[in-house]
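Novice: work-v1.cif (mmCIF, C-alpha atoms) pasted underneath:
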data_target
loop_
_atom_site.label_atom_id
_atom_site.label_comp_id
_atom_site.auth_asym_id
_atom_site.auth_seq_id
_atom_site.Cartn_x
_atom_site.Cartn_y
_atom_site.Cartn_z
CA MET A 1 13.69 49.89 8.71
CA SER A 2 10.58 47.74 8.88
CA ARG A 3 10.77 44.38 10.58
CA GLN A 4 9.04 41.49 8.88
CA PRO A 5 7.11 39.12 11.10
CA ALA A 6 8.81 35.78 11.67
CA GLN A 7 7.48 33.19 9.27
CA GLN A 8 5.83 30.19 10.81
CA GLU A 9 7.67 26.95 10.17
CA ASN A 10 6.08 24.39 7.89
CA GLU A 11 4.23 21.70 9.90
CA ILE A 12 6.02 18.86 8.13
CA VAL A 13 9.43 20.40 8.76
CA ALA A 14 8.53 21.00 12.41
CA TRP A 15 7.37 17.39 12.76
CA TYR A 16 10.54 16.05 11.11
CA ARG A 17 12.75 18.10 13.44
CA SER A 18 10.79 16.94 16.49
CA ILE A 19 11.23 13.19 15.98
CA PRO A 20 14.10 11.39 17.76
CA THR A 21 17.43 10.94 15.97
CA CYS A 22 17.16 7.16 15.49
CA THR A 23 13.59 7.40 14.19
CA LYS A 24 14.66 10.22 11.88
CA PHE A 25 17.46 8.01 10.49
CA LEU A 26 15.09 5.09 9.87
CA PHE A 27 12.44 7.29 8.28
CA THR A 28 14.94 9.11 6.05
CA SER A 29 16.70 5.92 4.95
CA PHE A 30 13.39 4.22 4.08
CA LEU A 31 12.27 7.26 2.13
CA ALA A 32 15.59 7.69 0.28
CA ILE A 33 15.89 4.02 -0.65
CA THR A 34 12.27 3.87 -1.84
CA ILE A 35 12.56 7.02 -3.95
CA ALA A 36 15.93 5.99 -5.41
CA GLY A 37 14.54 2.59 -6.42
CA ASN A 38 11.19 3.81 -7.75
CA PHE A 39 12.58 6.60 -9.92
CA GLY A 40 15.41 4.52 -11.32
CA LEU A 41 18.16 6.56 -9.69
CA VAL A 42 19.68 3.31 -8.44
CA ASN A 43 19.46 -0.17 -9.93
CA VAL A 44 17.02 -2.00 -7.65
CA TYR A 45 19.09 -5.18 -7.80
CA SER A 46 22.06 -3.33 -6.37
CA LEU A 47 19.97 -2.67 -3.26
CA LEU A 48 19.70 -6.39 -2.52
CA TYR A 49 22.09 -8.03 -0.10
CA PHE A 50 24.18 -10.76 -1.71
CA PRO A 51 27.17 -11.57 0.53
CA ARG A 52 29.06 -13.29 -2.33
CA ALA A 53 28.70 -10.22 -4.58
CA ILE A 54 30.26 -7.98 -1.96
CA PHE A 55 33.53 -9.91 -1.95
CA THR A 56 33.68 -11.17 -5.54
CA LYS A 57 32.26 -8.16 -7.42
CA TYR A 58 33.12 -5.57 -4.76
CA GLN A 59 29.55 -4.30 -4.50
CA ILE A 60 30.10 -2.28 -1.36
CA PHE A 61 27.03 -0.20 -2.26
CA SER A 62 24.72 -3.19 -1.79
CA TRP A 63 26.32 -3.89 1.58
CA LEU A 64 25.63 -0.34 2.74
CA LEU A 65 22.05 -0.43 1.51
CA SER A 66 21.39 -3.86 3.03
CA ILE A 67 20.48 -1.84 6.08
CA SER A 68 16.96 -1.82 4.63
CA LEU A 69 16.63 -5.54 5.43
CA LEU A 70 17.79 -4.91 8.98
CA ASN A 71 15.50 -1.89 9.17
CA GLN A 72 12.48 -4.09 8.43
CA CYS A 73 13.42 -6.42 11.29
CA LEU A 74 14.04 -3.43 13.55
CA VAL A 75 10.70 -1.84 12.69
CA MET A 76 8.89 -5.12 13.44
CA ALA A 77 10.70 -5.36 16.78
CA ILE A 78 9.60 -1.79 17.59
CA ILE A 79 6.02 -2.63 16.59
CA TYR A 80 6.14 -5.70 18.86
CA LEU A 81 7.39 -3.59 21.77
CA TRP A 82 4.68 -1.01 21.13
CA ALA A 83 2.08 -3.80 21.10
CA GLN A 84 3.31 -5.04 24.48
CA GLU A 85 3.15 -1.56 25.99
CA PHE A 86 -0.28 -0.67 24.55
CA ARG A 87 -1.98 -4.08 24.64
CA GLU A 88 -5.50 -2.67 25.03
CA ALA A 89 -5.22 0.11 22.44
CA VAL A 90 -7.59 -0.31 19.51
CA VAL A 91 -5.77 -0.52 16.17
CA THR A 92 -7.49 -0.01 12.83
CA PHE A 93 -5.94 -1.97 9.98
CA MET A 94 -6.81 -2.06 6.29
CA PHE A 95 -10.48 -1.49 5.39
CA GLY A 96 -11.50 -0.78 8.97
CA LEU A 97 -10.49 -4.07 10.59
CA ARG A 98 -10.26 -3.25 14.32
CA PHE A 99 -8.45 -5.26 16.98
CA LYS A 100 -6.42 -4.85 20.17
CA GLY A 101 -2.86 -3.57 19.93
CA SER A 102 -1.46 -6.83 21.31
CA TYR A 103 -2.49 -8.58 18.07
CA PHE A 104 -0.92 -6.01 15.72
CA PRO A 105 2.44 -7.79 15.08
CA TRP A 106 0.61 -11.06 14.42
CA VAL A 107 -1.80 -9.37 12.01
CA LEU A 108 1.18 -7.92 10.12
CA LEU A 109 2.79 -11.38 10.01
CA LEU A 110 -0.43 -12.91 8.67
CA PHE A 111 -0.70 -10.09 6.14
CA ASP A 112 2.85 -10.82 4.94
CA VAL A 113 1.97 -14.52 4.60
CA LEU A 114 -1.17 -13.73 2.59
CA ARG A 115 0.51 -11.29 0.22
CA GLY A 116 3.68 -13.35 -0.17
CA GLY A 117 5.84 -10.74 1.56
CA ASP A 118 9.07 -11.12 3.49
CA VAL A 119 7.75 -13.36 6.27
CA LEU A 120 11.24 -14.18 7.55
CA SER A 121 12.15 -10.56 8.31
CA THR A 122 8.80 -10.01 10.01
CA ALA A 123 9.22 -13.14 12.13
CA ILE A 124 12.82 -12.26 13.04
CA GLY A 125 11.66 -8.80 14.12
CA ILE A 126 8.92 -10.27 16.33
CA ILE A 127 11.35 -12.76 17.89
CA ALA A 128 13.97 -10.06 18.50
CA GLY A 129 11.32 -7.78 20.00
CA HIS A 130 10.14 -10.55 22.32
CA ILE A 131 13.69 -11.36 23.45
CA TYR A 132 14.28 -7.67 24.23
CA TYR A 133 10.92 -7.37 26.03
CA TYR A 134 11.65 -10.47 28.11
CA LEU A 135 15.18 -9.40 29.08
CA GLN A 136 14.29 -5.76 29.69
CA ASP A 137 10.93 -6.07 31.46
CA LEU A 138 9.67 -9.58 32.27
CA TYR A 139 12.84 -11.14 33.66
CA PRO A 140 13.76 -8.21 35.96
CA ALA A 141 10.12 -8.00 37.12
CA ALA A 142 10.33 -11.67 38.15
CA GLY A 143 13.36 -10.90 40.33
CA GLY A 144 16.16 -11.49 37.85
CA PRO A 145 18.97 -9.03 37.15
CA ARG A 146 18.66 -6.47 34.35
CA LEU A 147 20.86 -7.92 31.62
CA LEU A 148 20.48 -5.14 29.06
CA ASN A 149 22.03 -1.82 29.99
CA THR A 150 22.50 1.14 27.69
CA PRO A 151 26.21 1.79 27.02
CA GLN A 152 27.49 5.02 28.57
CA LEU A 153 28.81 6.09 25.14
CA LEU A 154 25.22 6.42 23.90
CA TYR A 155 24.30 8.59 26.90
CA ARG A 156 27.05 10.99 25.82
CA TYR A 157 25.64 11.31 22.29
CA PHE A 158 21.95 11.03 23.23
CA PRO A 159 21.54 12.50 26.73
CA PRO A 160 18.38 11.52 28.60
CA SER A 161 15.52 13.97 28.65
CA SER A 162 15.41 16.22 31.69
CA SER A 163 11.61 16.10 31.92
CA GLY A 164 9.59 12.98 32.47
CA VAL A 165 10.27 9.54 33.84
CA ARG A 166 12.62 7.10 32.07
CA THR A 167 11.05 3.75 31.22
CA SER A 168 12.19 0.89 29.01
CA PHE A 169 9.93 2.26 26.27
CA GLY A 170 11.23 5.80 26.32
CA THR A 171 10.30 8.82 28.37
CA ALA A 172 6.87 9.11 29.96
CA PHE A 173 5.98 12.76 30.36
CA ALA A 174 3.92 14.00 33.26
CA PRO A 175 0.37 14.96 32.23
CA ARG A 176 -0.54 18.60 31.93
CA ASN A 177 -1.90 20.26 35.03
CA GLN A 178 -5.61 19.44 35.03
CA ASN A 179 -7.86 21.05 37.59
CA THR A 180 -10.67 19.05 39.07
CA ALA A 181 -13.79 20.40 40.73
CA GLY A 182 -13.06 21.79 44.16
CA GLU A 183 -9.29 22.18 43.56
CA GLY A 184 -9.12 25.73 42.27
CA SER A 185 -11.51 25.16 39.40
CA THR A 186 -13.54 28.15 38.33
CA HIS A 187 -16.46 26.01 37.14
CA ILE A 188 -18.97 24.78 39.71
CA TRP A 189 -20.43 21.46 38.67
CA GLY A 190 -24.08 20.74 39.46
CA ARG A 191 -25.66 17.44 40.46
CA GLY A 192 -26.61 16.73 36.86
CA GLN A 193 -29.71 15.08 35.51
CA ARG A 194 -29.97 11.45 34.61
CA LEU A 195 -30.94 10.94 30.98
CA GLY A 196 -34.42 9.54 30.50
CA SER A 197 -35.65 10.62 33.91
CA SER A 198 -38.33 13.22 34.39
#
Let's see the structure in the file written out as structure tokens.
Specialist:
Amino acid sequence: MSRQPAQQENEIVAWYRSIPTCTKFLFTSFLAITIAGNFGLVNVYSLLYFPRAIFTKYQIFSWLLSISLLNQCLVMAIIYLWAQEFREAVVTFMFGLRFKGSYFPWVLLLFDVLRGGDVLSTAIGIIAGHIYYYLQDLYPAAGGPRLLNTPQLLYRYFPPSSSGVRTSFGTAFAPRNQNTAGEGSTHIWGRGQRLGSS
């Protein structure tokens, strides 16, 4: 019997399996709602959240899919938290506009204003992200108690990673072992030559 070599997994499938559970849920729900609306599988107006329609017309479906509105706020809060963690990172926006990461949420807010988008959801996401950032990082750093603690129930379903250091922004993994000159490196570095000198 001949054994066939194991097929390599598709890169997209491997990437999808590697992302965290919550991110996978957000990504999948955004994709499913967008595809269902664009291809006419679902009436787009049934995706909108009308509280009165839920109780008078029993549109439970619109209540379930109103998660998309909350998702937009959640994504903006995550973007705000990322911007606080990577303040000096250079971000490239549409058409090559480059700026520091700390300005990214504000650029997205301005972009929503200019295109007539959902400014309220963007602003709510930024405000929620700032409240979380203040309570989780700034207030405890100033000597106050940590007011936001992860419920133990979530630790049971999503156990912490065994490798790396836990931070408020996730798990920071230790860098790979990098040898420097003189510490077991096989390459011997010379003095070098200054450019432009003879």
Novice: Kindly resolve the PyMOL selection byres ((chain A and resi 83) around 10) on the present coordinates and return the residues as a PyMOL selection string.
Specialist: chain A and resi 77-82+84-89+91+100-106
Novice: Mind giving me the straight-line distance from atom CA of A:Ala14 to atom CA of A:Ala36 in Å, one decimal?
Specialist: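 Rounded to one decimal, the two atoms are 24.4 Å apart.
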Novice: Evaluated on this file, the PyMOL selection byres ((chain A and resi 117-123) around 9) picks out some residues - which ones are they, written as a list in words?
Specialist: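 Output from the PyMOL selection byres ((chain A and resi 117-123) around 9), applied to this file: Leu69, Leu70, Gln72, Cys73, Val75, Met76, Ala77, Pro105, Leu108, Leu109, Leu110, Phe111, Asp112, Val113, Leu114, Arg115, Gly116, Ile124, Gly125, Ile126, Ile127 and Ala128 of chain A.
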Novice: Give me, as a list of chain:residue names, all polymer residues having an atom no more than 10 Å from stretch 141-149 of chain A, counting all atoms listed in the file and skipping those fewer than 6 positions away in the same chain.
Specialist: A:Tyr132, A:Tyr134, A:Leu135
Novice: What is the distance between atom CA of A:Phe25 and atom CA of A:Leu154, in Å to one decimal?
Specialist: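 We find that atom CA of A:Phe25 and atom CA of A:Leu154 lie 15.6 Å from each other.
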Novice: The PyMOL selection byres ((chain A and resi 26) around 12) on the file shown: which residues, as a list in words?
Specialist: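 Those residues are Tyr16, Ile19, Pro20, Thr21, Cys22, Thr23, Lys24, Phe25, Phe27, Thr28, Ser29, Phe30, Leu31, Ala32, Ile33, Ile67, Ser68, Leu69, Leu70, Asn71, Gln72, Cys73, Leu74, Val75 and Ile78 of chain A.
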Novice: Report, in Å to a single decimal, how far apart atom CA of A:Val107 and atom CA of A:Val90 are.
Specialist: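 The value is 13.1 Å.
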